[in-house]
$ cat final20.cif   # mmCIF, C-alpha atoms
data_target
loop_
_atom_site.label_atom_id
_atom_site.label_comp_id
_atom_site.auth_asym_id
_atom_site.auth_seq_id
_atom_site.Cartn_x
_atom_site.Cartn_y
_atom_site.Cartn_z
CA MET P 1 -47.04 -17.17 20.70
CA LEU P 2 -45.14 -18.28 23.78
CA HIS P 3 -44.01 -21.89 23.38
CA LEU P 4 -44.22 -23.75 26.69
CA ASP P 5 -44.11 -27.23 25.18
CA ALA P 6 -40.34 -27.65 25.03
CA ALA P 7 -40.58 -31.23 26.32
CA ALA P 8 -42.30 -32.07 23.04
CA THR P 9 -39.77 -30.38 20.78
CA SER P 10 -37.48 -27.40 20.39
CA PRO P 11 -36.68 -25.07 17.49
CA VAL P 12 -33.67 -26.00 15.40
CA ARG P 13 -30.59 -23.96 16.25
CA GLU P 14 -29.19 -21.82 13.46
CA GLU P 15 -25.73 -23.20 14.14
CA ALA P 16 -27.00 -26.74 13.65
CA LEU P 17 -28.68 -25.82 10.39
CA ALA P 18 -25.55 -24.10 9.13
CA ALA P 19 -23.42 -27.11 10.01
CA ALA P 20 -25.81 -29.52 8.26
CA TRP P 21 -26.31 -27.52 5.07
CA PRO P 22 -23.07 -28.45 3.24
CA PHE P 23 -23.90 -32.15 3.63
CA LEU P 24 -27.34 -31.61 2.14
CA THR P 25 -25.86 -29.83 -0.86
CA ALA P 26 -22.35 -29.95 -2.32
CA SER P 27 -20.89 -32.47 0.15
CA PHE P 28 -23.64 -35.01 -0.33
CA GLY P 29 -21.49 -38.13 -0.50
CA ASN P 30 -22.28 -41.51 0.98
CA PRO P 31 -19.87 -42.05 3.90
CA SER P 32 -19.37 -45.67 2.82
CA SER P 33 -18.07 -44.64 -0.62
CA THR P 34 -14.31 -44.76 -1.12
CA HIS P 35 -13.96 -41.77 -3.45
CA GLY P 36 -13.26 -38.22 -2.34
CA LEU P 37 -16.87 -37.17 -1.87
CA GLY P 38 -17.59 -40.21 0.26
CA GLU P 39 -14.44 -39.74 2.31
CA GLU P 40 -15.45 -36.14 3.01
CA ALA P 41 -18.79 -37.33 4.36
CA SER P 42 -17.09 -40.09 6.33
CA ALA P 43 -14.73 -37.61 7.97
CA ALA P 44 -17.63 -35.34 8.95
CA LEU P 45 -19.49 -38.29 10.45
CA ALA P 46 -16.41 -39.31 12.43
CA ASP P 47 -15.97 -35.77 13.76
CA ALA P 48 -19.64 -35.68 14.79
CA ARG P 49 -19.26 -39.00 16.58
CA LYS P 50 -16.22 -37.73 18.51
CA SER P 51 -18.06 -34.56 19.51
CA VAL P 52 -21.10 -36.46 20.78
CA ALA P 53 -18.90 -38.93 22.66
CA ALA P 54 -17.08 -36.07 24.40
CA VAL P 55 -20.38 -34.76 25.78
CA LEU P 56 -21.76 -38.18 26.71
CA GLY P 57 -18.57 -39.35 28.40
CA CYS P 58 -17.73 -42.37 26.27
CA ARG P 59 -15.56 -43.42 23.33
CA ALA P 60 -16.49 -42.37 19.81
CA THR P 61 -16.81 -46.02 18.82
CA GLU P 62 -19.56 -46.38 21.43
CA ILE P 63 -21.91 -43.93 19.70
CA VAL P 64 -24.65 -45.29 17.43
CA PHE P 65 -26.57 -42.67 15.44
CA THR P 66 -30.28 -43.44 15.12
CA SER P 67 -33.42 -41.88 13.67
CA GLY P 68 -34.38 -40.48 17.08
CA GLY P 69 -35.05 -41.29 20.69
CA THR P 70 -37.65 -43.96 20.03
CA GLU P 71 -35.24 -45.99 17.93
CA ALA P 72 -32.43 -45.45 20.43
CA ASN P 73 -34.62 -46.77 23.26
CA ASN P 74 -35.73 -49.75 21.16
CA LEU P 75 -32.16 -50.58 20.26
CA ALA P 76 -31.02 -50.29 23.87
CA VAL P 77 -33.77 -52.38 25.45
CA LYS P 78 -34.15 -55.06 22.79
CA GLY P 79 -30.56 -55.02 21.62
CA LEU P 80 -29.00 -55.36 25.07
CA ALA P 81 -31.55 -57.87 26.36
CA LEU P 82 -31.24 -60.12 23.30
CA GLY P 83 -27.50 -59.70 23.07
CA ASP P 84 -26.79 -60.83 26.63
CA PRO P 85 -27.35 -64.52 27.45
CA ARG P 86 -27.32 -63.84 31.21
CA GLY P 87 -31.08 -64.32 31.59
CA ARG P 88 -34.55 -63.37 30.39
CA HIS P 89 -35.65 -60.90 33.03
CA VAL P 90 -35.70 -57.11 32.71
CA VAL P 91 -36.49 -54.38 35.21
CA THR P 92 -38.10 -51.07 34.40
CA SER P 93 -40.82 -48.79 35.82
CA ARG P 94 -44.36 -47.97 34.81
CA LEU P 95 -43.31 -44.34 34.36
CA GLU P 96 -41.18 -44.97 31.30
CA HIS P 97 -41.71 -43.59 27.83
CA GLU P 98 -43.87 -45.74 25.56
CA SER P 99 -40.83 -46.65 23.46
CA VAL P 100 -39.27 -48.38 26.46
CA LEU P 101 -42.49 -49.99 27.67
CA ALA P 102 -43.41 -51.24 24.20
CA SER P 103 -39.89 -52.64 23.72
CA VAL P 104 -40.14 -54.51 27.01
CA ASP P 105 -43.57 -55.78 25.99
CA ALA P 106 -42.10 -57.09 22.73
CA LEU P 107 -39.44 -58.97 24.69
CA VAL P 108 -42.15 -60.55 26.82
CA ARG P 109 -44.49 -61.43 23.95
CA LEU P 110 -42.00 -62.55 21.35
CA HIS P 111 -38.96 -63.76 23.24
CA GLY P 112 -40.21 -65.23 26.51
CA PHE P 113 -38.81 -62.56 28.82
CA GLU P 114 -40.26 -61.66 32.19
CA VAL P 115 -40.48 -58.09 33.47
CA SER P 116 -40.54 -56.59 36.95
CA PHE P 117 -41.82 -53.06 37.41
CA VAL P 118 -39.91 -51.36 40.18
CA ASP P 119 -41.99 -49.56 42.82
CA VAL P 120 -42.22 -45.76 42.62
CA ASP P 121 -43.53 -43.32 45.20
CA ALA P 122 -46.26 -40.73 44.67
CA ARG P 123 -43.68 -38.22 43.40
CA GLY P 124 -42.35 -40.59 40.76
CA THR P 125 -39.10 -41.43 42.54
CA VAL P 126 -37.39 -44.81 42.34
CA SER P 127 -35.42 -45.66 45.47
CA ALA P 128 -32.29 -47.76 45.63
CA GLU P 129 -34.11 -50.17 47.94
CA SER P 130 -37.02 -50.68 45.53
CA LEU P 131 -34.64 -51.35 42.65
CA ALA P 132 -32.64 -53.83 44.72
CA ALA P 133 -35.85 -55.66 45.59
CA ALA P 134 -36.78 -56.01 41.91
CA LEU P 135 -33.46 -57.54 40.78
CA ARG P 136 -33.04 -61.27 40.31
CA ASP P 137 -30.17 -63.60 39.50
CA ASP P 138 -31.40 -63.80 35.91
CA THR P 139 -31.95 -60.04 35.43
CA THR P 140 -30.26 -59.06 32.20
CA LEU P 141 -31.07 -55.33 32.01
CA VAL P 142 -32.38 -52.37 34.01
CA SER P 143 -33.90 -49.49 32.06
CA LEU P 144 -34.97 -46.36 33.97
CA SER P 145 -35.29 -42.82 32.66
CA THR P 146 -33.16 -39.97 33.93
CA ALA P 147 -36.06 -37.51 33.93
CA ASN P 148 -39.73 -38.18 33.30
CA ASN P 149 -41.14 -36.35 30.32
CA GLU P 150 -44.62 -35.88 31.80
CA VAL P 151 -44.04 -34.95 35.44
CA GLY P 152 -40.39 -33.87 35.31
CA THR P 153 -39.13 -36.00 38.21
CA VAL P 154 -35.36 -36.56 38.06
CA GLN P 155 -33.93 -39.85 39.31
CA ASP P 156 -30.62 -40.34 41.10
CA ILE P 157 -29.30 -42.43 38.23
CA ALA P 158 -25.76 -42.69 39.62
CA ALA P 159 -27.06 -44.29 42.84
CA LEU P 160 -29.41 -46.62 40.98
CA THR P 161 -26.62 -47.72 38.66
CA VAL P 162 -24.52 -48.74 41.65
CA VAL P 163 -27.36 -50.99 42.83
CA ALA P 164 -27.65 -52.69 39.44
CA HIS P 165 -23.91 -53.11 39.03
CA ALA P 166 -23.64 -54.70 42.48
CA ARG P 167 -25.66 -57.56 40.98
CA GLY P 168 -23.75 -57.47 37.68
CA VAL P 169 -26.69 -56.05 35.73
CA PRO P 170 -26.19 -53.51 32.89
CA PHE P 171 -28.08 -50.23 33.26
CA HIS P 172 -29.71 -48.24 30.45
CA THR P 173 -31.20 -44.80 30.92
CA ASP P 174 -33.51 -42.87 28.65
CA ALA P 175 -31.87 -39.45 29.05
CA ILE P 176 -33.90 -37.78 26.30
CA GLN P 177 -35.61 -35.17 28.47
CA ALA P 178 -32.46 -34.40 30.45
CA ALA P 179 -29.96 -33.90 27.62
CA GLY P 180 -28.68 -30.34 27.47
CA THR P 181 -30.16 -29.55 30.89
CA LEU P 182 -28.49 -32.00 33.29
CA ASP P 183 -25.13 -33.75 33.41
CA ILE P 184 -26.04 -37.06 31.78
CA SER P 185 -22.54 -38.24 30.88
CA MET P 186 -21.76 -41.91 31.28
CA SER P 187 -18.60 -41.00 33.15
CA SER P 188 -20.68 -39.18 35.78
CA THR P 189 -23.61 -41.55 36.09
CA GLY P 190 -21.86 -44.86 35.48
CA VAL P 191 -24.59 -46.10 33.14
CA ASP P 192 -23.83 -48.65 30.45
CA ALA P 193 -26.13 -47.18 27.81
CA LEU P 194 -28.08 -43.97 27.33
CA SER P 195 -30.49 -42.62 24.73
CA VAL P 196 -30.75 -39.06 23.46
CA SER P 197 -32.93 -37.35 20.84
CA GLY P 198 -31.79 -34.35 18.81
CA HIS P 199 -34.98 -32.35 18.55
CA LYS P 200 -35.12 -31.87 22.32
CA PHE P 201 -32.06 -29.60 22.29
CA GLY P 202 -31.99 -27.85 18.93
CA ALA P 203 -31.15 -30.46 16.30
CA PRO P 204 -33.66 -31.42 13.58
CA LYS P 205 -36.31 -34.05 14.18
CA GLY P 206 -35.25 -37.45 12.88
CA VAL P 207 -31.86 -37.92 14.52
CA GLY P 208 -30.82 -39.39 17.85
CA ALA P 209 -28.09 -41.48 19.37
CA LEU P 210 -27.50 -44.44 21.62
CA ALA P 211 -24.29 -44.49 23.62
CA VAL P 212 -23.51 -48.06 24.64
CA ARG P 213 -20.39 -49.54 26.20
CA SER P 214 -18.47 -51.59 23.67
CA ARG P 215 -18.01 -54.48 26.09
CA LEU P 216 -21.74 -55.20 25.94
CA PRO P 217 -23.09 -57.38 23.12
CA LEU P 218 -25.80 -55.51 21.22
CA GLU P 219 -28.18 -57.32 18.88
CA PRO P 220 -29.04 -54.97 15.98
CA LEU P 221 -32.64 -54.21 15.11
CA ILE P 222 -31.88 -53.19 11.53
CA HIS P 223 -29.82 -55.56 9.39
CA GLY P 224 -28.13 -54.77 6.12
CA GLY P 225 -24.82 -53.29 5.11
CA GLY P 226 -23.32 -53.26 8.58
CA GLN P 227 -23.01 -49.51 9.11
CA GLU P 228 -22.46 -48.12 12.62
CA ARG P 229 -20.02 -50.95 13.35
CA GLY P 230 -22.72 -53.51 12.56
CA ARG P 231 -25.11 -52.18 15.19
CA ARG P 232 -27.46 -50.20 12.94
CA SER P 233 -27.39 -50.81 9.20
CA GLY P 234 -28.42 -48.21 6.65
CA THR P 235 -26.71 -45.25 5.01
CA GLU P 236 -25.98 -42.73 7.75
CA ASN P 237 -27.71 -39.34 7.77
CA VAL P 238 -24.51 -37.33 7.78
CA ALA P 239 -26.13 -33.89 7.69
CA PHE P 240 -28.37 -34.58 10.67
CA ALA P 241 -25.57 -36.30 12.61
CA VAL P 242 -23.46 -33.19 12.16
CA ALA P 243 -26.36 -30.97 13.25
CA PHE P 244 -26.98 -33.25 16.24
CA ALA P 245 -23.36 -32.99 17.34
CA VAL P 246 -23.31 -29.20 17.08
CA ALA P 247 -26.60 -28.73 18.95
CA LEU P 248 -25.59 -31.14 21.73
CA ARG P 249 -22.19 -29.50 22.17
CA LEU P 250 -23.67 -26.02 22.37
CA ALA P 251 -26.40 -27.08 24.78
CA ASP P 252 -23.86 -28.77 27.02
CA GLU P 253 -21.52 -25.77 26.93
CA GLU P 254 -24.39 -23.51 27.95
CA ARG P 255 -25.33 -25.89 30.75
CA ARG P 256 -21.80 -26.03 32.14
CA SER P 257 -21.25 -22.26 31.96
CA GLY P 258 -24.68 -21.24 33.22
CA GLU P 259 -24.73 -21.84 36.99
CA LEU P 260 -26.36 -18.47 37.69
CA ASP P 261 -28.86 -19.06 34.90
CA ALA P 262 -29.65 -22.44 36.42
CA LEU P 263 -30.43 -20.85 39.79
CA SER P 264 -32.63 -18.28 38.06
CA ALA P 265 -34.43 -21.05 36.19
CA LEU P 266 -35.21 -22.87 39.44
CA SER P 267 -36.43 -19.65 41.04
CA ALA P 268 -38.65 -18.82 38.05
CA ARG P 269 -40.05 -22.36 37.95
CA ASP P 270 -40.85 -22.40 41.65
CA ALA P 271 -42.40 -18.92 41.50
CA PHE P 272 -44.62 -20.01 38.60
CA VAL P 273 -45.75 -23.12 40.47
CA ALA P 274 -46.42 -21.13 43.64
CA ALA P 275 -48.45 -18.55 41.71
CA VAL P 276 -50.63 -21.24 40.15
CA LEU P 277 -51.13 -23.25 43.33
CA GLY P 278 -51.87 -20.08 45.28
CA SER P 279 -54.49 -18.75 42.89
CA ILE P 280 -56.35 -21.81 41.56
CA PRO P 281 -58.26 -23.78 44.20
CA GLY P 282 -57.51 -27.50 44.14
CA ALA P 283 -54.54 -27.22 41.77
CA ARG P 284 -51.75 -29.71 42.56
CA LEU P 285 -48.21 -30.18 41.32
CA THR P 286 -47.43 -33.65 39.99
CA GLY P 287 -44.00 -35.21 40.28
CA HIS P 288 -41.27 -34.22 42.72
CA ALA P 289 -41.34 -30.63 43.99
CA SER P 290 -37.57 -30.10 43.87
CA ALA P 291 -35.94 -33.14 42.19
CA ARG P 292 -37.43 -32.18 38.86
CA LEU P 293 -36.30 -30.62 35.61
CA PRO P 294 -35.55 -26.90 36.06
CA ARG P 295 -37.95 -25.71 33.36
CA HIS P 296 -40.82 -28.11 33.93
CA ALA P 297 -44.13 -27.69 35.77
CA SER P 298 -46.84 -30.35 35.60
CA LEU P 299 -50.21 -29.79 37.22
CA ILE P 300 -53.64 -31.29 37.71
CA ILE P 301 -56.66 -29.11 38.37
CA PRO P 302 -59.59 -31.31 39.45
CA GLY P 303 -62.93 -30.36 37.96
CA ILE P 304 -61.68 -28.94 34.67
CA ASN P 305 -60.95 -30.47 31.27
CA GLY P 306 -57.27 -30.16 30.47
CA GLU P 307 -57.70 -29.99 26.71
CA THR P 308 -60.32 -27.25 27.01
CA VAL P 309 -58.01 -25.17 29.19
CA LEU P 310 -55.23 -25.60 26.64
CA LEU P 311 -57.48 -24.21 23.93
CA GLU P 312 -58.23 -21.20 26.12
CA LEU P 313 -54.53 -20.72 26.82
CA GLU P 314 -53.80 -20.70 23.11
CA GLN P 315 -56.21 -17.76 22.79
CA HIS P 316 -53.92 -16.00 25.29
CA GLY P 317 -50.90 -16.79 23.13
CA VAL P 318 -49.61 -19.65 25.28
CA LEU P 319 -48.81 -23.09 23.85
CA ALA P 320 -48.64 -25.90 26.41
CA SER P 321 -49.69 -29.56 26.51
CA ALA P 322 -51.67 -32.12 28.45
CA GLY P 323 -48.68 -34.47 28.63
CA ALA P 324 -46.48 -36.43 26.25
CA ALA P 325 -46.83 -35.29 22.64
CA CYS P 326 -46.45 -38.87 21.40
CA ALA P 327 -49.68 -39.75 23.25
CA ALA P 328 -51.64 -36.79 21.89
CA GLY P 329 -55.04 -37.70 20.49
CA HIS P 330 -55.45 -40.73 22.74
CA ASP P 331 -58.50 -40.83 24.99
CA GLU P 332 -56.80 -42.83 27.72
CA PRO P 333 -55.42 -40.90 30.70
CA SER P 334 -51.65 -40.76 31.15
CA HIS P 335 -50.12 -44.05 32.23
CA VAL P 336 -47.54 -42.04 34.18
CA LEU P 337 -50.13 -40.21 36.27
CA LEU P 338 -52.04 -43.42 36.92
CA ALA P 339 -48.82 -45.06 38.10
CA LEU P 340 -48.45 -42.23 40.62
CA GLY P 341 -51.83 -43.10 42.11
CA ILE P 342 -53.74 -40.24 40.51
CA SER P 343 -57.33 -41.05 39.58
CA GLU P 344 -58.43 -41.28 35.96
CA ASP P 345 -60.67 -38.24 36.33
CA ASP P 346 -57.89 -36.10 37.79
CA ALA P 347 -55.40 -37.40 35.24
CA ARG P 348 -57.61 -36.05 32.47
CA THR P 349 -57.11 -32.54 33.87
CA ALA P 350 -53.33 -32.67 33.47
CA LEU P 351 -51.42 -29.67 32.15
CA ARG P 352 -47.71 -29.58 31.37
CA PHE P 353 -45.67 -26.40 30.99
CA THR P 354 -42.10 -26.80 29.75
CA TRP P 355 -39.95 -24.00 28.42
CA GLY P 356 -36.56 -23.11 27.04
CA ALA P 357 -33.76 -20.97 28.45
CA SER P 358 -35.02 -17.84 26.70
CA THR P 359 -38.34 -17.81 28.59
CA THR P 360 -38.28 -15.14 31.31
CA ALA P 361 -39.72 -15.01 34.82
CA ASP P 362 -41.97 -12.15 33.71
CA GLU P 363 -43.35 -14.27 30.89
CA LEU P 364 -44.06 -17.10 33.32
CA ARG P 365 -45.92 -14.70 35.60
CA GLY P 366 -48.04 -13.77 32.60
CA VAL P 367 -48.68 -17.46 31.91
CA ALA P 368 -49.86 -17.96 35.51
CA ASP P 369 -52.32 -15.09 35.06
CA ALA P 370 -53.49 -16.49 31.72
CA LEU P 371 -54.00 -19.92 33.28
CA LEU P 372 -56.11 -18.44 36.08
CA GLU P 373 -58.27 -16.62 33.54
CA SER P 374 -58.57 -19.71 31.35
CA VAL P 375 -59.60 -21.96 34.23
CA ALA P 376 -62.15 -19.38 35.41
CA ARG P 377 -63.57 -19.06 31.90
CA VAL P 378 -63.87 -22.82 31.47
CA SER P 379 -65.45 -23.20 34.91
CA ILE P 380 -67.99 -20.46 34.19
CA GLY P 381 -68.73 -21.89 30.74
#

$ encode --input "final20.cif" --output "structure tokens"
Amino acid sequence: MLHLDAAATSPVREEALAAAWPFLTASFGNPSSTHGLGEEASAALADARKSVAAVLGCRATEIVFTSGGTEANNLAVKGLALGDPRGRHVVTSRLEHESVLASVDALVRLHGFEVSFVDVDARGTVSAESLAAALRDDTTLVSLSTANNEVGTVQDIAALTVVAHARGVPFHTDAIQAAGTLDISMSSTGVDALSVSGHKFGAPKGVGALAVRSRLPLEPLIHGGGQERGRRSGTENVAFAVAFAVALRLADEERRSGELDALSALSARDAFVAAVLGSIPGARLTGHASARLPRHASLIIPGINGETVLLELEQHGVLASAGAACAAGHDEPSHVLLALGISEDDARTALRFTWGASTTADELRGVADALLESVARVSIG
């Protein structure tokens, strides 16, 4: 099977597994314990924190390990909004992951906040002007994703952060889809907080991190023993934190050393998209044509059923998706596609192909052929 659903998850790297194994076996200590076994775990956790901070461009004390990207986004949005007395107004977009949108909704329902949804164009791009227009004197947080998980559009986060900071507003970005592929470091983008999730770049499922500037007050979501410098209580998952750090470091090293590979990835992506659009009548790319993730192609094919095509593709040995895995099984069309002005009927035809660095251009050409055959078979049937 050819896995073209990398936006949903990635296989665990062997190096990450090897790094985690000692802390699942002999070195199983609680990092809060003061004896030797606990101190060994504590040292490993500290090293993992330093490694993650080096990649994300912040201090080690500014890293909070979480159970994944959803918790990291919840902690960022709720924690920063509730921790800052500046006001009760937040700005986001309708393209965000459900974990951000649901967190904003909780602020509105339970804490009296107001929300403004910044305008986006048909390609999913947020402009500096549209963000500036959404800000108010009482805006306490902006939360916009670096790259959209469904359509792949990449935002100019550095430019948007400048707009928010000009009004004194902290900026959080959900960088989950971009980690390991783009430069997401806080030192490069200027953001005040960013979320990442381990299973997108080769760490196990169940571990993530929030990087948040220490100058910002952060209200914890989980109370208890005061771990993670009081920002996220609960005994830390040392093994997975270690695996997370290793996988993130390796992914970032590969990104920084792979300029030629990056050009090849863009060429292969664009050739795949061109092959599909050139062979399937009515097929359209969703999201931005060029400002998009390098291994991401999202399409709508009016007149077909996306889920039926995916079943046909699986018979050809190709695993893809209709959109976000966290929304799988829902009958409602994608909120992202609707926000881009795509009709409900067309949104139900959505297909998303996302792949890892090992996928070749030849394999993608084969996928384009398989998609053509699958669409033809479904149309005939």

$ resolve_selection --input "final20.cif" --expression "the PyMOL selection byres ((chain P and resi 92) around 9)" --output "count of residues only"
19

$ resolve_selection --input "final20.cif" --expression "the PyMOL selection byres ((chain P and resi 58) around 12)" --output "number ranges by chain"
P: 49-57, 59-64, 184-194, 210-214

$ atom_distance --input "final20.cif" --atom1 "CA of Ile301 in chain P" --atom2 "CA of Gln155 in chain P"
25.2 Å

$ residues_around --input "final20.cif" --residues "Arg167 in chain P" --least-positions-apart "2" --cutoff "12 Å" --atoms "all atoms listed in the file" --output "JSON, numbers by chain"
{"P": [86, 131, 132, 133, 134, 135, 136, 137, 138, 139, 140, 141, 142, 160, 161, 162, 163, 164, 165, 169, 170, 171]}

$ resolve_selection --input "final20.cif" --expression "the PyMOL selection byres ((chain P and resi 233-241) around 6)" --output "MDAnalysis selection string"
chainID P and resid 20 23 45 222:227 232 242:244

$ closest_atom_pairs --input "final20.cif" --of "range 11-110 of chain P" --to "range 172-179 of chain P" --cutoff "9 Å" --atoms "only C-alpha atoms" --output "tab-separated table"
residue	atom	partner	partner_atom	distance
P:Gly69	CA	P:Ile176	CA	6.7
P:Ala72	CA	P:Asp174	CA	8.7
P:Asn73	CA	P:Asp174	CA	6.7
P:Ala76	CA	P:His172	CA	7.0
P:Val77	CA	P:His172	CA	7.7
P:Leu80	CA	P:His172	CA	9.0
P:Glu96	CA	P:Asp174	CA	8.4
P:His97	CA	P:Asp174	CA	8.3
P:Val100	CA	P:Asp174	CA	8.3

$ closest_atom_pairs --input "final20.cif" --of "range 1-77 of chain P" --to "range 317-323 of chain P" --cutoff "8 Å" --atoms "all atoms listed in the file" --output "JSON lines"
{"residue": "P:Met1", "atom": "CA", "partner": "P:Gly317", "partner_atom": "CA", "distance": 4.6}
{"residue": "P:Leu2", "atom": "CA", "partner": "P:Val318", "partner_atom": "CA", "distance": 4.9}
{"residue": "P:His3", "atom": "CA", "partner": "P:Leu319", "partner_atom": "CA", "distance": 5.0}
{"residue": "P:Leu4", "atom": "CA", "partner": "P:Ala320", "partner_atom": "CA", "distance": 4.9}
{"residue": "P:Asp5", "atom": "CA", "partner": "P:Ala320", "partner_atom": "CA", "distance": 4.9}

$ residues_around --input "final20.cif" --residues "Gly198 in chain P" --least-positions-apart "2" --cutoff "6 Å" --atoms "only C-alpha atoms" --output "JSON, numbers by chain"
{"P": [200, 201, 203, 207, 208, 244]}

$ atom_distance --input "final20.cif" --atom1 "CA of Ser264 in chain P" --atom2 "CA of Val375 in chain P"
27.5 Å

$ build_atoms --input "final20.cif" --residues "range 62-76 of chain P" --atoms "N, CA, C and O atoms" --output "PDB file, in the coordinates of the input"
ATOM      1  N   GLU P  62     -18.405 -45.926  20.663  1.00  0.00           N
ATOM      2  CA  GLU P  62     -19.560 -46.380  21.430  1.00  0.00           C
ATOM      3  C   GLU P  62     -20.829 -45.599  21.113  1.00  0.00           C
ATOM      4  O   GLU P  62     -21.860 -45.807  21.745  1.00  0.00           O
ATOM      5  N   ILE P  63     -20.758 -44.709  20.123  1.00  0.00           N
ATOM      6  CA  ILE P  63     -21.910 -43.930  19.700  1.00  0.00           C
ATOM      7  C   ILE P  63     -22.563 -44.577  18.478  1.00  0.00           C
ATOM      8  O   ILE P  63     -21.892 -44.871  17.488  1.00  0.00           O
ATOM      9  N   VAL P  64     -23.867 -44.787  18.562  1.00  0.00           N
ATOM     10  CA  VAL P  64     -24.650 -45.290  17.430  1.00  0.00           C
ATOM     11  C   VAL P  64     -25.672 -44.209  17.068  1.00  0.00           C
ATOM     12  O   VAL P  64     -26.525 -43.860  17.890  1.00  0.00           O
ATOM     13  N   PHE P  65     -25.578 -43.655  15.876  1.00  0.00           N
ATOM     14  CA  PHE P  65     -26.570 -42.670  15.440  1.00  0.00           C
ATOM     15  C   PHE P  65     -27.848 -43.399  15.019  1.00  0.00           C
ATOM     16  O   PHE P  65     -27.801 -44.445  14.360  1.00  0.00           O
ATOM     17  N   THR P  66     -28.972 -42.838  15.414  1.00  0.00           N
ATOM     18  CA  THR P  66     -30.280 -43.440  15.120  1.00  0.00           C
ATOM     19  C   THR P  66     -31.198 -42.385  14.508  1.00  0.00           C
ATOM     20  O   THR P  66     -30.813 -41.236  14.329  1.00  0.00           O
ATOM     21  N   SER P  67     -32.432 -42.804  14.236  1.00  0.00           N
ATOM     22  CA  SER P  67     -33.420 -41.880  13.670  1.00  0.00           C
ATOM     23  C   SER P  67     -34.095 -41.040  14.736  1.00  0.00           C
ATOM     24  O   SER P  67     -34.925 -40.186  14.414  1.00  0.00           O
ATOM     25  N   GLY P  68     -33.779 -41.254  16.000  1.00  0.00           N
ATOM     26  CA  GLY P  68     -34.380 -40.480  17.080  1.00  0.00           C
ATOM     27  C   GLY P  68     -34.361 -41.241  18.382  1.00  0.00           C
ATOM     28  O   GLY P  68     -33.764 -42.319  18.497  1.00  0.00           O
ATOM     29  N   GLY P  69     -35.044 -40.674  19.378  1.00  0.00           N
ATOM     30  CA  GLY P  69     -35.050 -41.290  20.690  1.00  0.00           C
ATOM     31  C   GLY P  69     -35.787 -42.603  20.751  1.00  0.00           C
ATOM     32  O   GLY P  69     -35.381 -43.528  21.469  1.00  0.00           O
ATOM     33  N   THR P  70     -36.880 -42.721  20.018  1.00  0.00           N
ATOM     34  CA  THR P  70     -37.650 -43.960  20.030  1.00  0.00           C
ATOM     35  C   THR P  70     -36.806 -45.130  19.524  1.00  0.00           C
ATOM     36  O   THR P  70     -36.785 -46.213  20.131  1.00  0.00           O
ATOM     37  N   GLU P  71     -36.094 -44.910  18.429  1.00  0.00           N
ATOM     38  CA  GLU P  71     -35.240 -45.990  17.930  1.00  0.00           C
ATOM     39  C   GLU P  71     -34.096 -46.278  18.898  1.00  0.00           C
ATOM     40  O   GLU P  71     -33.736 -47.447  19.122  1.00  0.00           O
ATOM     41  N   ALA P  72     -33.531 -45.244  19.481  1.00  0.00           N
ATOM     42  CA  ALA P  72     -32.430 -45.450  20.430  1.00  0.00           C
ATOM     43  C   ALA P  72     -32.897 -46.278  21.623  1.00  0.00           C
ATOM     44  O   ALA P  72     -32.190 -47.185  22.079  1.00  0.00           O
ATOM     45  N   ASN P  73     -34.092 -45.983  22.140  1.00  0.00           N
ATOM     46  CA  ASN P  73     -34.620 -46.770  23.260  1.00  0.00           C
ATOM     47  C   ASN P  73     -34.906 -48.209  22.837  1.00  0.00           C
ATOM     48  O   ASN P  73     -34.644 -49.156  23.586  1.00  0.00           O
ATOM     49  N   ASN P  74     -35.479 -48.394  21.661  1.00  0.00           N
ATOM     50  CA  ASN P  74     -35.730 -49.750  21.160  1.00  0.00           C
ATOM     51  C   ASN P  74     -34.445 -50.534  21.024  1.00  0.00           C
ATOM     52  O   ASN P  74     -34.369 -51.713  21.407  1.00  0.00           O
ATOM     53  N   LEU P  75     -33.434 -49.894  20.454  1.00  0.00           N
ATOM     54  CA  LEU P  75     -32.160 -50.580  20.260  1.00  0.00           C
ATOM     55  C   LEU P  75     -31.515 -50.931  21.592  1.00  0.00           C
ATOM     56  O   LEU P  75     -30.958 -52.025  21.762  1.00  0.00           O
ATOM     57  N   ALA P  76     -31.612 -50.027  22.558  1.00  0.00           N
ATOM     58  CA  ALA P  76     -31.020 -50.290  23.870  1.00  0.00           C
ATOM     59  C   ALA P  76     -31.715 -51.445  24.567  1.00  0.00           C
ATOM     60  O   ALA P  76     -31.065 -52.408  25.016  1.00  0.00           O
TER      61      ALA P  76
END
